[in-house]
>>> print(open('data33.pdb').read())   # PDB, C-alpha atoms and all ligand atoms
ATOM      1  CA  MET A   1      -3.613  29.871   5.364  1.00  0.00           C
ATOM      2  CA  LYS A   2      -3.919  26.411   3.927  1.00  0.00           C
ATOM      3  CA  ILE A   3      -6.217  24.089   5.820  1.00  0.00           C
ATOM      4  CA  MET A   4      -4.572  20.761   6.583  1.00  0.00           C
ATOM      5  CA  GLY A   5      -5.343  17.943   4.206  1.00  0.00           C
ATOM      6  CA  ASN A   6      -6.180  14.366   5.095  1.00  0.00           C
ATOM      7  CA  LYS A   7      -3.734  11.979   6.658  1.00  0.00           C
ATOM      8  CA  ALA A   8      -3.470   8.704   4.768  1.00  0.00           C
ATOM      9  CA  VAL A   9      -1.967   5.255   4.791  1.00  0.00           C
ATOM     10  CA  PHE A  10      -0.941   3.992   1.352  1.00  0.00           C
ATOM     11  CA  ILE A  11      -0.948   0.212   1.190  1.00  0.00           C
ATOM     12  CA  ASP A  12       0.558  -2.169  -1.326  1.00  0.00           C
ATOM     13  CA  ARG A  13      -1.768  -5.002  -2.355  1.00  0.00           C
ATOM     14  CA  ASP A  14      -0.032  -8.275  -3.296  1.00  0.00           C
ATOM     15  CA  GLY A  15       1.990  -9.740  -0.447  1.00  0.00           C
ATOM     16  CA  THR A  16       0.706  -7.081   1.959  1.00  0.00           C
ATOM     17  CA  ILE A  17      -3.100  -7.175   1.919  1.00  0.00           C
ATOM     18  CA  ASN A  18      -3.382 -10.578   0.284  1.00  0.00           C
ATOM     19  CA  VAL A  19      -1.189 -13.611  -0.186  1.00  0.00           C
ATOM     20  CA  ASN A  20       1.004 -12.946  -3.205  1.00  0.00           C
ATOM     21  CA  VAL A  21      -0.007 -15.024  -6.214  1.00  0.00           C
ATOM     22  CA  GLU A  22       2.043 -14.350  -9.329  1.00  0.00           C
ATOM     23  CA  TYR A  23      -0.263 -12.395 -11.684  1.00  0.00           C
ATOM     24  CA  LEU A  24      -3.404 -12.934  -9.630  1.00  0.00           C
ATOM     25  CA  ASP A  25      -6.108 -13.187 -12.292  1.00  0.00           C
ATOM     26  CA  ASN A  26      -9.126 -14.613 -10.499  1.00  0.00           C
ATOM     27  CA  PRO A  27     -11.144 -13.205  -7.574  1.00  0.00           C
ATOM     28  CA  ASP A  28     -11.466 -16.759  -6.215  1.00  0.00           C
ATOM     29  CA  ASP A  29      -7.697 -16.854  -5.650  1.00  0.00           C
ATOM     30  CA  PHE A  30      -7.715 -13.636  -3.619  1.00  0.00           C
ATOM     31  CA  GLN A  31      -6.826 -14.552  -0.045  1.00  0.00           C
ATOM     32  CA  MET A  32      -6.612 -11.756   2.519  1.00  0.00           C
ATOM     33  CA  TYR A  33      -4.071 -11.941   5.307  1.00  0.00           C
ATOM     34  CA  PRO A  34      -5.392 -12.206   8.863  1.00  0.00           C
ATOM     35  CA  GLY A  35      -5.587  -8.879  10.667  1.00  0.00           C
ATOM     36  CA  VAL A  36      -5.711  -6.780   7.511  1.00  0.00           C
ATOM     37  CA  ALA A  37      -9.414  -5.895   7.625  1.00  0.00           C
ATOM     38  CA  GLU A  38      -9.175  -5.271  11.371  1.00  0.00           C
ATOM     39  CA  GLY A  39      -6.084  -3.102  10.887  1.00  0.00           C
ATOM     40  CA  ILE A  40      -7.646  -1.074   8.086  1.00  0.00           C
ATOM     41  CA  LYS A  41     -10.701  -0.480  10.267  1.00  0.00           C
ATOM     42  CA  VAL A  42      -8.465   0.818  13.082  1.00  0.00           C
ATOM     43  CA  LEU A  43      -6.720   3.173  10.647  1.00  0.00           C
ATOM     44  CA  ARG A  44      -9.996   4.584   9.366  1.00  0.00           C
ATOM     45  CA  ASP A  45     -11.441   4.865  12.875  1.00  0.00           C
ATOM     46  CA  ASN A  46      -8.373   6.994  13.636  1.00  0.00           C
ATOM     47  CA  GLY A  47      -9.068   9.349  10.772  1.00  0.00           C
ATOM     48  CA  PHE A  48      -6.756   7.952   8.094  1.00  0.00           C
ATOM     49  CA  LYS A  49      -7.720   7.626   4.469  1.00  0.00           C
ATOM     50  CA  VAL A  50      -6.694   4.155   3.279  1.00  0.00           C
ATOM     51  CA  ILE A  51      -5.413   3.978  -0.277  1.00  0.00           C
ATOM     52  CA  VAL A  52      -4.252   0.906  -2.172  1.00  0.00           C
ATOM     53  CA  VAL A  53      -1.346   1.430  -4.598  1.00  0.00           C
ATOM     54  CA  THR A  54      -0.453  -1.612  -6.674  1.00  0.00           C
ATOM     55  CA  ASN A  55       1.688  -2.584  -9.677  1.00  0.00           C
ATOM     56  CA  GLN A  56      -0.366  -4.736 -12.051  1.00  0.00           C
ATOM     57  CA  SER A  57       1.818  -5.333 -15.082  1.00  0.00           C
ATOM     58  CA  GLY A  58      -0.247  -8.462 -15.813  1.00  0.00           C
ATOM     59  CA  ILE A  59      -2.527  -6.071 -17.705  1.00  0.00           C
ATOM     60  CA  ALA A  60       0.218  -4.843 -20.075  1.00  0.00           C
ATOM     61  CA  ARG A  61       1.415  -8.431 -20.409  1.00  0.00           C
ATOM     62  CA  GLY A  62      -2.078  -9.491 -21.500  1.00  0.00           C
ATOM     63  CA  TYR A  63      -2.484 -11.970 -18.628  1.00  0.00           C
ATOM     64  CA  PHE A  64      -5.732 -10.399 -17.428  1.00  0.00           C
ATOM     65  CA  THR A  65      -8.021  -7.482 -18.223  1.00  0.00           C
ATOM     66  CA  GLU A  66      -8.904  -4.373 -16.225  1.00  0.00           C
ATOM     67  CA  LYS A  67     -12.353  -5.877 -15.847  1.00  0.00           C
ATOM     68  CA  ILE A  68     -10.905  -8.908 -14.069  1.00  0.00           C
ATOM     69  CA  LEU A  69      -8.794  -6.614 -11.905  1.00  0.00           C
ATOM     70  CA  GLU A  70     -11.964  -4.720 -11.037  1.00  0.00           C
ATOM     71  CA  GLY A  71     -13.576  -8.028  -9.985  1.00  0.00           C
ATOM     72  CA  ILE A  72     -10.633  -8.804  -7.713  1.00  0.00           C
ATOM     73  CA  HIS A  73     -10.935  -5.379  -6.105  1.00  0.00           C
ATOM     74  CA  GLN A  74     -14.660  -5.846  -5.594  1.00  0.00           C
ATOM     75  CA  LYS A  75     -13.924  -9.096  -3.786  1.00  0.00           C
ATOM     76  CA  MET A  76     -11.308  -7.334  -1.654  1.00  0.00           C
ATOM     77  CA  ARG A  77     -13.740  -4.578  -0.697  1.00  0.00           C
ATOM     78  CA  LYS A  78     -16.491  -7.077   0.049  1.00  0.00           C
ATOM     79  CA  GLU A  79     -14.214  -8.924   2.464  1.00  0.00           C
ATOM     80  CA  LEU A  80     -13.176  -5.668   4.098  1.00  0.00           C
ATOM     81  CA  MET A  81     -16.781  -4.532   4.475  1.00  0.00           C
ATOM     82  CA  LYS A  82     -17.684  -7.772   6.274  1.00  0.00           C
ATOM     83  CA  LYS A  83     -15.431  -6.513   9.086  1.00  0.00           C
ATOM     84  CA  GLY A  84     -16.585  -2.903   8.940  1.00  0.00           C
ATOM     85  CA  ALA A  85     -13.614  -1.738   6.871  1.00  0.00           C
ATOM     86  CA  ASP A  86     -13.145  -0.418   3.333  1.00  0.00           C
ATOM     87  CA  VAL A  87     -10.652   1.541   1.280  1.00  0.00           C
ATOM     88  CA  ASP A  88     -10.904   5.153   0.119  1.00  0.00           C
ATOM     89  CA  GLY A  89      -9.132   4.595  -3.164  1.00  0.00           C
ATOM     90  CA  ILE A  90      -7.440   1.983  -5.320  1.00  0.00           C
ATOM     91  CA  TYR A  91      -4.720   3.095  -7.739  1.00  0.00           C
ATOM     92  CA  TYR A  92      -2.950   0.644 -10.003  1.00  0.00           C
ATOM     93  CA  CYS A  93      -0.202   0.759 -12.586  1.00  0.00           C
ATOM     94  CA  PRO A  94      -1.213  -1.328 -15.623  1.00  0.00           C
ATOM     95  CA  HIS A  95       2.101  -0.834 -17.431  1.00  0.00           C
ATOM     96  CA  HIS A  96       4.972  -3.128 -18.316  1.00  0.00           C
ATOM     97  CA  PRO A  97       8.304  -2.479 -16.562  1.00  0.00           C
ATOM     98  CA  ASN A  98       9.786  -1.621 -19.970  1.00  0.00           C
ATOM     99  CA  ASP A  99       7.164   1.078 -20.548  1.00  0.00           C
ATOM    100  CA  ASN A 100       9.127   3.440 -18.276  1.00  0.00           C
ATOM    101  CA  CYS A 101       5.927   4.929 -16.914  1.00  0.00           C
ATOM    102  CA  ASP A 102       5.979   7.244 -13.919  1.00  0.00           C
ATOM    103  CA  CYS A 103       3.444   5.220 -11.929  1.00  0.00           C
ATOM    104  CA  ARG A 104       5.055   1.799 -11.550  1.00  0.00           C
ATOM    105  CA  LYS A 105       6.484   1.647  -8.023  1.00  0.00           C
ATOM    106  CA  PRO A 106       9.137   2.604  -6.919  1.00  0.00           C
ATOM    107  CA  ASN A 107       7.987   5.560  -9.035  1.00  0.00           C
ATOM    108  CA  THR A 108       5.494   7.815  -7.338  1.00  0.00           C
ATOM    109  CA  GLY A 109       2.771   8.504  -9.930  1.00  0.00           C
ATOM    110  CA  LEU A 110       0.110   6.470  -8.144  1.00  0.00           C
ATOM    111  CA  ILE A 111       0.707   8.215  -4.829  1.00  0.00           C
ATOM    112  CA  GLU A 112       0.842  11.628  -6.498  1.00  0.00           C
ATOM    113  CA  LYS A 113      -2.505  11.024  -8.186  1.00  0.00           C
ATOM    114  CA  ALA A 114      -4.115   9.981  -4.898  1.00  0.00           C
ATOM    115  CA  VAL A 115      -2.640  12.982  -3.081  1.00  0.00           C
ATOM    116  CA  GLU A 116      -4.319  15.233  -5.601  1.00  0.00           C
ATOM    117  CA  ASP A 117      -7.653  13.384  -5.691  1.00  0.00           C
ATOM    118  CA  LEU A 118      -8.029  12.993  -1.934  1.00  0.00           C
ATOM    119  CA  ASP A 119      -6.197  16.085  -0.654  1.00  0.00           C
ATOM    120  CA  ILE A 120      -3.578  14.154   1.290  1.00  0.00           C
ATOM    121  CA  ASP A 121      -1.191  15.729   3.799  1.00  0.00           C
ATOM    122  CA  LEU A 122       2.030  13.816   3.112  1.00  0.00           C
ATOM    123  CA  GLN A 123       3.672  14.853   6.377  1.00  0.00           C
ATOM    124  CA  ARG A 124       1.109  12.922   8.403  1.00  0.00           C
ATOM    125  CA  SER A 125       0.968   9.941   6.052  1.00  0.00           C
ATOM    126  CA  TYR A 126       2.476   6.480   5.775  1.00  0.00           C
ATOM    127  CA  MET A 127       3.262   3.693   3.333  1.00  0.00           C
ATOM    128  CA  ILE A 128       2.941  -0.031   4.113  1.00  0.00           C
ATOM    129  CA  GLY A 129       4.353  -2.700   1.805  1.00  0.00           C
ATOM    130  CA  ASP A 130       6.068  -6.066   1.650  1.00  0.00           C
ATOM    131  CA  ARG A 131       8.894  -5.048  -0.716  1.00  0.00           C
ATOM    132  CA  MET A 132      11.578  -2.382  -0.861  1.00  0.00           C
ATOM    133  CA  LEU A 133       9.990  -0.863  -3.976  1.00  0.00           C
ATOM    134  CA  ASP A 134       7.077   0.127  -1.743  1.00  0.00           C
ATOM    135  CA  VAL A 135       9.418   1.625   0.839  1.00  0.00           C
ATOM    136  CA  GLU A 136      11.311   3.501  -1.890  1.00  0.00           C
ATOM    137  CA  ALA A 137       8.126   4.938  -3.406  1.00  0.00           C
ATOM    138  CA  GLY A 138       6.987   6.083   0.032  1.00  0.00           C
ATOM    139  CA  TYR A 139      10.382   7.527   0.895  1.00  0.00           C
ATOM    140  CA  ARG A 140      10.470   9.562  -2.314  1.00  0.00           C
ATOM    141  CA  MET A 141       7.162  11.144  -1.324  1.00  0.00           C
ATOM    142  CA  GLY A 142       8.329  11.879   2.212  1.00  0.00           C
ATOM    143  CA  LEU A 143       6.072   9.275   3.822  1.00  0.00           C
ATOM    144  CA  LYS A 144       7.033   7.266   6.872  1.00  0.00           C
ATOM    145  CA  THR A 145       7.395   3.674   5.744  1.00  0.00           C
ATOM    146  CA  VAL A 146       6.494   0.290   7.209  1.00  0.00           C
ATOM    147  CA  LEU A 147       7.986  -2.865   5.708  1.00  0.00           C
ATOM    148  CA  ILE A 148       6.209  -6.159   6.336  1.00  0.00           C
ATOM    149  CA  PRO A 149       8.185  -8.699   4.313  1.00  0.00           C
ATOM    150  CA  GLU A 150       6.222 -11.633   2.973  1.00  0.00           C
ATOM    151  CA  ASN A 151       9.388 -13.264   1.642  1.00  0.00           C
ATOM    152  CA  TRP A 152      12.160 -12.366   4.088  1.00  0.00           C
ATOM    153  CA  GLU A 153      14.926 -13.912   2.015  1.00  0.00           C
ATOM    154  CA  LYS A 154      14.110 -11.823  -1.033  1.00  0.00           C
ATOM    155  CA  VAL A 155      13.600  -8.646   1.001  1.00  0.00           C
ATOM    156  CA  ARG A 156      16.900  -9.043   2.849  1.00  0.00           C
ATOM    157  CA  ASP A 157      18.675  -8.925  -0.506  1.00  0.00           C
ATOM    158  CA  GLU A 158      16.610  -5.946  -1.604  1.00  0.00           C
ATOM    159  CA  MET A 159      17.522  -4.092   1.596  1.00  0.00           C
ATOM    160  CA  LYS A 160      21.223  -4.642   0.980  1.00  0.00           C
ATOM    161  CA  MET A 161      20.872  -3.098  -2.482  1.00  0.00           C
ATOM    162  CA  SER A 162      18.633  -0.198  -1.467  1.00  0.00           C
ATOM    163  CA  PRO A 163      19.840   3.298  -0.539  1.00  0.00           C
ATOM    164  CA  VAL A 164      16.842   3.774   1.772  1.00  0.00           C
ATOM    165  CA  LYS A 165      15.650   2.133   4.956  1.00  0.00           C
ATOM    166  CA  PRO A 166      12.135   1.552   6.228  1.00  0.00           C
ATOM    167  CA  ASP A 167      11.155   3.422   9.386  1.00  0.00           C
ATOM    168  CA  TYR A 168       9.694   0.256  10.865  1.00  0.00           C
ATOM    169  CA  ILE A 169       9.860  -3.465  10.053  1.00  0.00           C
ATOM    170  CA  CYS A 170       7.496  -6.058  11.464  1.00  0.00           C
ATOM    171  CA  ASP A 171       5.962  -9.426  10.676  1.00  0.00           C
ATOM    172  CA  SER A 172       2.242  -8.724  10.573  1.00  0.00           C
ATOM    173  CA  PHE A 173      -0.068  -6.097   9.156  1.00  0.00           C
ATOM    174  CA  TYR A 174      -1.715  -5.451  12.486  1.00  0.00           C
ATOM    175  CA  LYS A 175       1.625  -4.748  14.183  1.00  0.00           C
ATOM    176  CA  GLY A 176       2.404  -2.239  11.453  1.00  0.00           C
ATOM    177  CA  VAL A 177      -0.920  -0.523  12.088  1.00  0.00           C
ATOM    178  CA  LYS A 178      -0.259  -0.380  15.837  1.00  0.00           C
ATOM    179  CA  TRP A 179       3.089   1.320  15.181  1.00  0.00           C
ATOM    180  CA  ILE A 180       1.443   3.895  12.903  1.00  0.00           C
ATOM    181  CA  ILE A 181      -1.215   4.690  15.504  1.00  0.00           C
ATOM    182  CA  TYR A 182       1.483   5.009  18.186  1.00  0.00           C
ATOM    183  CA  ILE A 183       3.587   7.428  16.116  1.00  0.00           C
ATOM    184  CA  ASP A 184       0.513   9.378  15.006  1.00  0.00           C
ATOM    185  CA  LYS A 185      -0.694   9.820  18.566  1.00  0.00           C
ATOM    186  CA  LYS A 186       2.662  11.060  19.848  1.00  0.00           C
ATOM    187  CA  LYS A 187       2.286  14.138  17.658  1.00  0.00           C
ATOM    188  CA  VAL A 188       6.046  14.713  17.852  1.00  0.00           C
ATOM    189  CA  SER A 189       8.355  13.792  15.075  1.00  0.00           C
ATOM    190  CA  TYR A 190      11.113  11.287  15.584  1.00  0.00           C
ATOM    191  CA  PHE A 191      12.179  11.519  11.964  1.00  0.00           C
TER     192      PHE A 191
HETATM  193 MG    MG B   1       3.721  -6.471  -2.778  1.00  0.00          MG
HETATM  194 ZN    ZN B   2       2.508   2.752 -14.768  1.00  0.00          ZN
END
>>> encode(input="data33.pdb", output="structure tokens")
Amino acid sequence: MKIMGNKAVFIDRDGTINVNVEYLDNPDDFQMYPGVAEGIKVLRDNGFKVIVVTNQSGIARGYFTEKILEGIHQKMRKELMKKGADVDGIYYCPHHPNDNCDCRKPNTGLIEKAVEDLDIDLQRSYMIGDRMLDVEAGYRMGLKTVLIPENWEKVRDEMKMSPVKPDYICDSFYKGVKWIIYIDKKKVSYF
């Protein structure tokens, strides 16, 4: 009998964890949203692995290097640690949209890699993001999905075009976390 894997929450970075800056290329410009560190701490205290999955085509475009990206992620982790939080993994797609890779969201390569590395039980896991491409990636993997639009106007259009729907929509990271904890604790499936 297979022993159950870890439950996880996959989280988009730009526009979800931090204020979206087009091609963020400097740790000094990394600005975390209120409630994110607190929410991530709650998730981990409740036994979830927390995994960042992020499209970073700025690397393929030559706008910044992987070393700079690493610096941004160090800053992110430092800010999380100040509040007793951290992440269990960071997976990024460095490719250009035209590269047709399998890891640029809404493709699922990043999530698949993390599932393998961290022994994730998809049935008990979730995806949080600010765009429909996050929801679509999560949906394809069978995750329950939380949409927290940063730009409602843009996301409304995306939702009209998309064949899938998020399981929950809200306006702050912390509310999304509270929903996940509520559903997780019920231990019955509404889906
Ligand atoms: Mg985003
Ligand atoms: Zn990729």
>>> closest_residue(input="data33.pdb", among="A:Lys49, A:Lys82, A:His95, A:Arg77", to="ligand ZN 2 (chain B)", atoms="only C-alpha atoms and all ligand atoms")
A:His95
>>> resolve_selection(input="data33.pdb", expression="the PyMOL selection byres (((not hetatm)) within 7 of (chain B and resi 1))", output="mmCIF file with C-alpha atoms, in the coordinates of the input")
data_model
loop_
_atom_site.group_PDB
_atom_site.id
_atom_site.type_symbol
_atom_site.label_atom_id
_atom_site.label_comp_id
_atom_site.auth_asym_id
_atom_site.auth_seq_id
_atom_site.Cartn_x
_atom_site.Cartn_y
_atom_site.Cartn_z
ATOM 1 C CA ASP A 12 0.558 -2.169 -1.326
ATOM 2 C CA ARG A 13 -1.768 -5.002 -2.355
ATOM 3 C CA ASP A 14 -0.032 -8.275 -3.296
ATOM 4 C CA GLY A 15 1.990 -9.740 -0.447
ATOM 5 C CA THR A 16 0.706 -7.081 1.959
ATOM 6 C CA GLY A 129 4.353 -2.700 1.805
ATOM 7 C CA ASP A 130 6.068 -6.066 1.650
ATOM 8 C CA ARG A 131 8.894 -5.048 -0.716
#
>>> closest_atom_pairs(input="data33.pdb", of="region 26-45 of chain A", to="region 72-75 of chain A", cutoff="7 Å", atoms="all atoms listed in the file", output="Markdown table")
| residue | atom | partner | partner_atom | distance |
| --- | --- | --- | --- | --- |
| A:Asn26 | CA | A:Ile72 | CA | 6.6 |
| A:Pro27 | CA | A:Ile72 | CA | 4.4 |
| A:Phe30 | CA | A:Ile72 | CA | 7.0 |
>>> closest_residue(input="data33.pdb", among="A:Cys101, A:Val177, A:Ala137, A:Ile111", to="ligand ZN 2 (chain B)", atoms="only C-alpha atoms and all ligand atoms")
A:Cys101
>>> resolve_selection(input="data33.pdb", expression="the PyMOL selection byres (((chain A and resi 108) around 12) and not hetatm)", output="ChimeraX atom specification")
/A:10,53-55,91-93,101-107,109-115,127,133-143
>>> build_atoms(input="data33.pdb", residues="region 15-29 of chain A", atoms="N, CA and C atoms", output="PDB file, in the coordinates of the input")
ATOM      1  N   GLY A  15       0.953  -9.452  -1.442  1.00  0.00           N
ATOM      2  CA  GLY A  15       1.990  -9.740  -0.447  1.00  0.00           C
ATOM      3  C   GLY A  15       1.840  -8.918   0.822  1.00  0.00           C
ATOM      4  N   THR A  16       0.925  -7.937   0.789  1.00  0.00           N
ATOM      5  CA  THR A  16       0.706  -7.081   1.959  1.00  0.00           C
ATOM      6  C   THR A  16      -0.728  -7.242   2.459  1.00  0.00           C
ATOM      7  N   ILE A  17      -1.691  -6.981   1.566  1.00  0.00           N
ATOM      8  CA  ILE A  17      -3.100  -7.175   1.919  1.00  0.00           C
ATOM      9  C   ILE A  17      -3.478  -8.644   1.730  1.00  0.00           C
ATOM     10  N   ASN A  18      -3.024  -9.192   0.610  1.00  0.00           N
ATOM     11  CA  ASN A  18      -3.382 -10.578   0.284  1.00  0.00           C
ATOM     12  C   ASN A  18      -2.124 -11.390  -0.011  1.00  0.00           C
ATOM     13  N   VAL A  19      -2.267 -12.684   0.124  1.00  0.00           N
ATOM     14  CA  VAL A  19      -1.189 -13.611  -0.186  1.00  0.00           C
ATOM     15  C   VAL A  19      -0.771 -13.380  -1.635  1.00  0.00           C
ATOM     16  N   ASN A  20       0.532 -13.220  -1.850  1.00  0.00           N
ATOM     17  CA  ASN A  20       1.004 -12.946  -3.205  1.00  0.00           C
ATOM     18  C   ASN A  20       0.848 -14.178  -4.089  1.00  0.00           C
ATOM     19  N   VAL A  21       0.109 -13.993  -5.181  1.00  0.00           N
ATOM     20  CA  VAL A  21      -0.007 -15.024  -6.214  1.00  0.00           C
ATOM     21  C   VAL A  21       0.547 -14.356  -7.463  1.00  0.00           C
ATOM     22  N   GLU A  22       1.468 -14.993  -8.157  1.00  0.00           N
ATOM     23  CA  GLU A  22       2.043 -14.350  -9.329  1.00  0.00           C
ATOM     24  C   GLU A  22       0.945 -14.079 -10.357  1.00  0.00           C
ATOM     25  N   TYR A  23       0.756 -12.811 -10.724  1.00  0.00           N
ATOM     26  CA  TYR A  23      -0.263 -12.395 -11.684  1.00  0.00           C
ATOM     27  C   TYR A  23      -1.650 -12.924 -11.309  1.00  0.00           C
ATOM     28  N   LEU A  24      -2.064 -12.567 -10.119  1.00  0.00           N
ATOM     29  CA  LEU A  24      -3.404 -12.934  -9.630  1.00  0.00           C
ATOM     30  C   LEU A  24      -4.458 -12.517 -10.658  1.00  0.00           C
ATOM     31  N   ASP A  25      -5.191 -13.494 -11.195  1.00  0.00           N
ATOM     32  CA  ASP A  25      -6.108 -13.187 -12.292  1.00  0.00           C
ATOM     33  C   ASP A  25      -7.512 -13.741 -12.069  1.00  0.00           C
ATOM     34  N   ASN A  26      -7.816 -14.045 -10.789  1.00  0.00           N
ATOM     35  CA  ASN A  26      -9.126 -14.613 -10.499  1.00  0.00           C
ATOM     36  C   ASN A  26      -9.537 -14.230  -9.074  1.00  0.00           C
ATOM     37  N   PRO A  27     -10.708 -13.598  -8.925  1.00  0.00           N
ATOM     38  CA  PRO A  27     -11.144 -13.205  -7.574  1.00  0.00           C
ATOM     39  C   PRO A  27     -11.159 -14.378  -6.591  1.00  0.00           C
ATOM     40  N   ASP A  28     -11.412 -15.586  -7.095  1.00  0.00           N
ATOM     41  CA  ASP A  28     -11.466 -16.759  -6.215  1.00  0.00           C
ATOM     42  C   ASP A  28     -10.112 -17.068  -5.570  1.00  0.00           C
ATOM     43  N   ASP A  29      -9.036 -16.589  -6.195  1.00  0.00           N
ATOM     44  CA  ASP A  29      -7.697 -16.854  -5.650  1.00  0.00           C
ATOM     45  C   ASP A  29      -7.221 -15.740  -4.723  1.00  0.00           C
TER      46      ASP A  29
END
